[in-house]
>>> print(open('query.pdb').read())   # PDB, C-alpha atoms
ATOM      1  CA  MET C   1       0.000   0.000   0.000
ATOM      2  CA  SER C   2       1.446   3.382  -0.957
ATOM      3  CA  GLU C   3       1.603   6.453   1.247
ATOM      4  CA  ALA C   4      -1.059   8.110  -0.904
ATOM      5  CA  ASP C   5      -3.405   5.209  -0.125
ATOM      6  CA  ASP C   6      -3.000   5.910   3.610
ATOM      7  CA  LYS C   7      -4.260   9.477   3.334
ATOM      8  CA  PRO C   8      -7.939   9.984   4.081
ATOM      9  CA  ARG C   9     -10.013  10.796   1.050
ATOM     10  CA  GLY C  10     -12.214  13.842   1.200
ATOM     11  CA  GLY C  11     -15.955  13.569   1.057
ATOM     12  CA  TYR C  12     -18.812  16.014   1.363
ATOM     13  CA  LEU C  13     -17.259  18.263   4.019
ATOM     14  CA  ALA C  14     -13.901  18.455   2.241
ATOM     15  CA  ARG C  15     -15.593  19.418  -1.031
ATOM     16  CA  ASN C  16     -17.781  21.928   0.793
ATOM     17  CA  ALA C  17     -14.718  23.452   2.487
ATOM     18  CA  ALA C  18     -12.890  23.709  -0.849
ATOM     19  CA  LEU C  19     -15.843  25.574  -2.360
ATOM     20  CA  LEU C  20     -16.092  27.777   0.719
ATOM     21  CA  CYS C  21     -12.459  28.822   0.326
ATOM     22  CA  GLN C  22     -13.251  30.021  -3.191
ATOM     23  CA  ASP C  23     -16.203  32.094  -1.964
ATOM     24  CA  GLU C  24     -15.340  35.820  -2.035
ATOM     25  CA  GLN C  25     -17.834  36.489   0.752
ATOM     26  CA  PHE C  26     -16.124  33.955   3.015
ATOM     27  CA  ARG C  27     -12.742  35.550   2.351
ATOM     28  CA  LEU C  28     -14.258  38.977   3.090
ATOM     29  CA  TYR C  29     -15.636  37.511   6.330
ATOM     30  CA  LEU C  30     -12.095  36.389   7.207
ATOM     31  CA  ASP C  31     -10.745  39.878   6.432
ATOM     32  CA  ARG C  32     -13.270  41.543   8.691
ATOM     33  CA  ARG C  33     -13.071  38.879  11.383
ATOM     34  CA  ARG C  34      -9.306  39.217  11.654
ATOM     35  CA  ALA C  35      -9.502  43.019  11.585
ATOM     36  CA  ALA C  36     -12.027  43.036  14.436
ATOM     37  CA  LYS C  37     -10.383  40.308  16.496
ATOM     38  CA  PHE C  38      -6.889  41.763  16.371
ATOM     39  CA  ARG C  39      -7.883  45.425  15.952
ATOM     40  CA  LEU C  40      -6.006  45.685  12.680
ATOM     41  CA  ASP C  41      -6.600  47.717   9.582
ATOM     42  CA  ILE C  42      -6.995  44.969   6.994
ATOM     43  CA  PRO C  43      -8.257  45.987   3.566
ATOM     44  CA  ASP C  44     -11.098  44.003   2.036
ATOM     45  CA  GLY C  45      -9.801  41.389  -0.376
ATOM     46  CA  THR C  46      -6.704  40.571   1.640
ATOM     47  CA  HIS C  47      -7.417  36.876   2.246
ATOM     48  CA  THR C  48      -6.677  34.524  -0.635
ATOM     49  CA  VAL C  49      -8.057  31.061  -1.356
ATOM     50  CA  ASP C  50      -4.908  29.618   0.272
ATOM     51  CA  ASP C  51      -5.383  31.833   3.336
ATOM     52  CA  ALA C  52      -8.952  30.561   3.659
ATOM     53  CA  ARG C  53      -7.723  26.978   3.417
ATOM     54  CA  ASP C  54      -5.072  27.650   6.043
ATOM     55  CA  PHE C  55      -7.697  29.188   8.331
ATOM     56  CA  ILE C  56      -9.999  26.181   8.056
ATOM     57  CA  VAL C  57      -7.327  23.552   8.672
ATOM     58  CA  ALA C  58      -5.867  25.533  11.593
ATOM     59  CA  ALA C  59      -9.262  26.215  13.179
ATOM     60  CA  CYS C  60     -10.271  22.572  12.818
ATOM     61  CA  GLY C  61      -6.921  21.183  13.958
ATOM     62  CA  VAL C  62      -6.315  19.094  10.843
ATOM     63  CA  SER C  63      -3.580  18.999   8.222
ATOM     64  CA  SER C  64      -5.932  18.778   5.234
ATOM     65  CA  ARG C  65      -9.581  19.422   4.464
ATOM     66  CA  ALA C  66      -9.988  15.724   3.644
ATOM     67  CA  GLU C  67      -9.715  14.973   7.355
ATOM     68  CA  LEU C  68     -12.953  16.860   8.003
ATOM     69  CA  ASP C  69     -14.880  13.813   6.805
ATOM     70  CA  HIS C  70     -12.992  11.436   9.131
ATOM     71  CA  ASN C  71     -12.532  13.444  12.331
ATOM     72  CA  PRO C  72     -15.804  14.124  14.188
ATOM     73  CA  GLN C  73     -14.288  16.868  16.356
ATOM     74  CA  ALA C  74     -12.870  18.674  13.303
ATOM     75  CA  ALA C  75     -16.216  18.305  11.520
ATOM     76  CA  THR C  76     -17.971  19.923  14.484
ATOM     77  CA  VAL C  77     -15.557  22.854  14.467
ATOM     78  CA  TYR C  78     -15.981  23.231  10.699
ATOM     79  CA  ARG C  79     -19.752  23.350  11.118
ATOM     80  CA  GLN C  80     -19.307  26.038  13.785
ATOM     81  CA  VAL C  81     -17.145  28.078  11.387
ATOM     82  CA  MET C  82     -19.870  27.708   8.749
ATOM     83  CA  HIS C  83     -22.534  28.759  11.256
ATOM     84  CA  HIS C  84     -20.604  31.901  12.254
ATOM     85  CA  PHE C  85     -20.015  32.765   8.599
ATOM     86  CA  GLN C  86     -23.685  32.287   7.715
ATOM     87  CA  ARG C  87     -24.756  34.492  10.636
ATOM     88  CA  TRP C  88     -22.287  37.179   9.512
ATOM     89  CA  ARG C  89     -23.523  36.931   5.915
ATOM     90  CA  ASP C  90     -27.154  37.211   7.045
ATOM     91  CA  ARG C  91     -26.308  40.328   9.089
ATOM     92  CA  GLN C  92     -24.549  41.860   6.077
ATOM     93  CA  HIS C  93     -27.593  41.167   3.942
ATOM     94  CA  ARG C  94     -29.989  42.709   6.499
ATOM     95  CA  GLN C  95     -27.775  45.792   6.824
ATOM     96  CA  ALA C  96     -27.681  46.213   3.050
ATOM     97  CA  LEU C  97     -31.491  46.086   2.927
ATOM     98  CA  GLN C  98     -31.790  48.717   5.669
ATOM     99  CA  SER C  99     -29.353  51.233   4.222
ATOM    100  CA  PRO C 100     -30.777  53.799   1.786
TER     101      PRO C 100
END
>>> encode(input="query.pdb", output="structure tokens")
Amino acid sequence: MSEADDKPRGGYLARNAALLCQDEQFRLYLDRRRAAKFRLDIPDGTHTVDDARDFIVAACGVSSRAELDHNPQAATVYRQVMHHFQRWRDRQHRQALQSP
């Protein structure tokens, strides 16, 4: 068996995470989250697809997104990240509707 065969294969969560990293709104969320958390002046559009990937694997405590489908604790953290992002996105949408 080769080393590549030993690596976990990604499933639904890994594919979802890969798509999320490509989402401009998610990367904007990361820009604004980091700016608020660390009180930094971070311009919108700073986070790249690779930065988003790095954020997800670090937050979930895994070395690759494929592990999200095989590590229940990492999957839970990933779902929490998604939940926070969705709440942020909903707030952004509501604010846009309220502004003239």
>>> resolve_selection(input="query.pdb", expression="the PyMOL selection byres ((chain C and resi 47) around 12)", output="list in words")
Cys21, Gln22, Asp23, Glu24, Gln25, Phe26, Arg27, Leu28, Tyr29, Leu30, Asp31, Arg32, Arg33, Arg34, Ala35, Ile42, Pro43, Asp44, Gly45, Thr46, Thr48, Val49, Asp50, Asp51, Ala52, Arg53, Asp54 and Phe55 of chain C
>>> write_last_selection(input="query.pdb", atoms="C-alpha atoms", output="short mmCIF file (atom, residue, chain, number, x, y, z; two decimals), in the coordinates of the input")
data_model
loop_
_atom_site.label_atom_id
_atom_site.label_comp_id
_atom_site.auth_asym_id
_atom_site.auth_seq_id
_atom_site.Cartn_x
_atom_site.Cartn_y
_atom_site.Cartn_z
CA CYS C 21 -12.46 28.82 0.33
CA GLN C 22 -13.25 30.02 -3.19
CA ASP C 23 -16.20 32.09 -1.96
CA GLU C 24 -15.34 35.82 -2.04
CA GLN C 25 -17.83 36.49 0.75
CA PHE C 26 -16.12 33.96 3.02
CA ARG C 27 -12.74 35.55 2.35
CA LEU C 28 -14.26 38.98 3.09
CA TYR C 29 -15.64 37.51 6.33
CA LEU C 30 -12.10 36.39 7.21
CA ASP C 31 -10.74 39.88 6.43
CA ARG C 32 -13.27 41.54 8.69
CA ARG C 33 -13.07 38.88 11.38
CA ARG C 34 -9.31 39.22 11.65
CA ALA C 35 -9.50 43.02 11.58
CA ILE C 42 -7.00 44.97 6.99
CA PRO C 43 -8.26 45.99 3.57
CA ASP C 44 -11.10 44.00 2.04
CA GLY C 45 -9.80 41.39 -0.38
CA THR C 46 -6.70 40.57 1.64
CA THR C 48 -6.68 34.52 -0.64
CA VAL C 49 -8.06 31.06 -1.36
CA ASP C 50 -4.91 29.62 0.27
CA ASP C 51 -5.38 31.83 3.34
CA ALA C 52 -8.95 30.56 3.66
CA ARG C 53 -7.72 26.98 3.42
CA ASP C 54 -5.07 27.65 6.04
CA PHE C 55 -7.70 29.19 8.33
#
>>> residues_near_point(input="query.pdb", point="(-16.9, 13.4, 1.2)", cutoff="12 Å", atoms="only C-alpha atoms", output="number ranges by chain")
C: 8-18, 65-71, 75
>>> atom_distance(input="query.pdb", atom1="atom CA of C:Ala74", atom2="atom CA of C:Lys37")
22.0 Å
>>> atom_distance(input="query.pdb", atom1="atom CA of C:Asp41", atom2="atom CA of C:Phe85")
20.1 Å
>>> resolve_selection(input="query.pdb", expression="the PyMOL selection byres ((chain C and resi 77) around 12)", output="ChimeraX atom specification")
/C:13,55-62,68-69,71-76,78-84
>>> write_last_selection(input="query.pdb", atoms="C-alpha atoms", output="PDB file, in the frame of the given file")
ATOM      1  CA  LEU C  13     -17.259  18.263   4.019  1.00  0.00           C
ATOM      2  CA  PHE C  55      -7.697  29.188   8.331  1.00  0.00           C
ATOM      3  CA  ILE C  56      -9.999  26.181   8.056  1.00  0.00           C
ATOM      4  CA  VAL C  57      -7.327  23.552   8.672  1.00  0.00           C
ATOM      5  CA  ALA C  58      -5.867  25.533  11.593  1.00  0.00           C
ATOM      6  CA  ALA C  59      -9.262  26.215  13.179  1.00  0.00           C
ATOM      7  CA  CYS C  60     -10.271  22.572  12.818  1.00  0.00           C
ATOM      8  CA  GLY C  61      -6.921  21.183  13.958  1.00  0.00           C
ATOM      9  CA  VAL C  62      -6.315  19.094  10.843  1.00  0.00           C
ATOM     10  CA  LEU C  68     -12.953  16.860   8.003  1.00  0.00           C
ATOM     11  CA  ASP C  69     -14.880  13.813   6.805  1.00  0.00           C
ATOM     12  CA  ASN C  71     -12.532  13.444  12.331  1.00  0.00           C
ATOM     13  CA  PRO C  72     -15.804  14.124  14.188  1.00  0.00           C
ATOM     14  CA  GLN C  73     -14.288  16.868  16.356  1.00  0.00           C
ATOM     15  CA  ALA C  74     -12.870  18.674  13.303  1.00  0.00           C
ATOM     16  CA  ALA C  75     -16.216  18.305  11.520  1.00  0.00           C
ATOM     17  CA  THR C  76     -17.971  19.923  14.484  1.00  0.00           C
ATOM     18  CA  TYR C  78     -15.981  23.231  10.699  1.00  0.00           C
ATOM     19  CA  ARG C  79     -19.752  23.350  11.118  1.00  0.00           C
ATOM     20  CA  GLN C  80     -19.307  26.038  13.785  1.00  0.00           C
ATOM     21  CA  VAL C  81     -17.145  28.078  11.387  1.00  0.00           C
ATOM     22  CA  MET C  82     -19.870  27.708   8.749  1.00  0.00           C
ATOM     23  CA  HIS C  83     -22.534  28.759  11.256  1.00  0.00           C
ATOM     24  CA  HIS C  84     -20.604  31.901  12.254  1.00  0.00           C
TER      25      HIS C  84
END
>>> atom_distance(input="query.pdb", atom1="atom CA of C:Arg89", atom2="atom CA of C:Ser63")
26.9 Å
>>> axis_aligned_box(input="query.pdb", around="stretch 66-72 of chain C", padding_each_side="4 Å", output="lines of an AutoDock Vina configuration file")
center_x = -12.8
center_y = 14.1
center_z = 8.9
size_x = 14.1
size_y = 13.4
size_z = 18.5
>>> closest_residue(input="query.pdb", among="C:Ser64, C:Ala36, C:Arg91, C:Ala96", to="C:Lys7", atoms="only C-alpha atoms")
C:Ser64
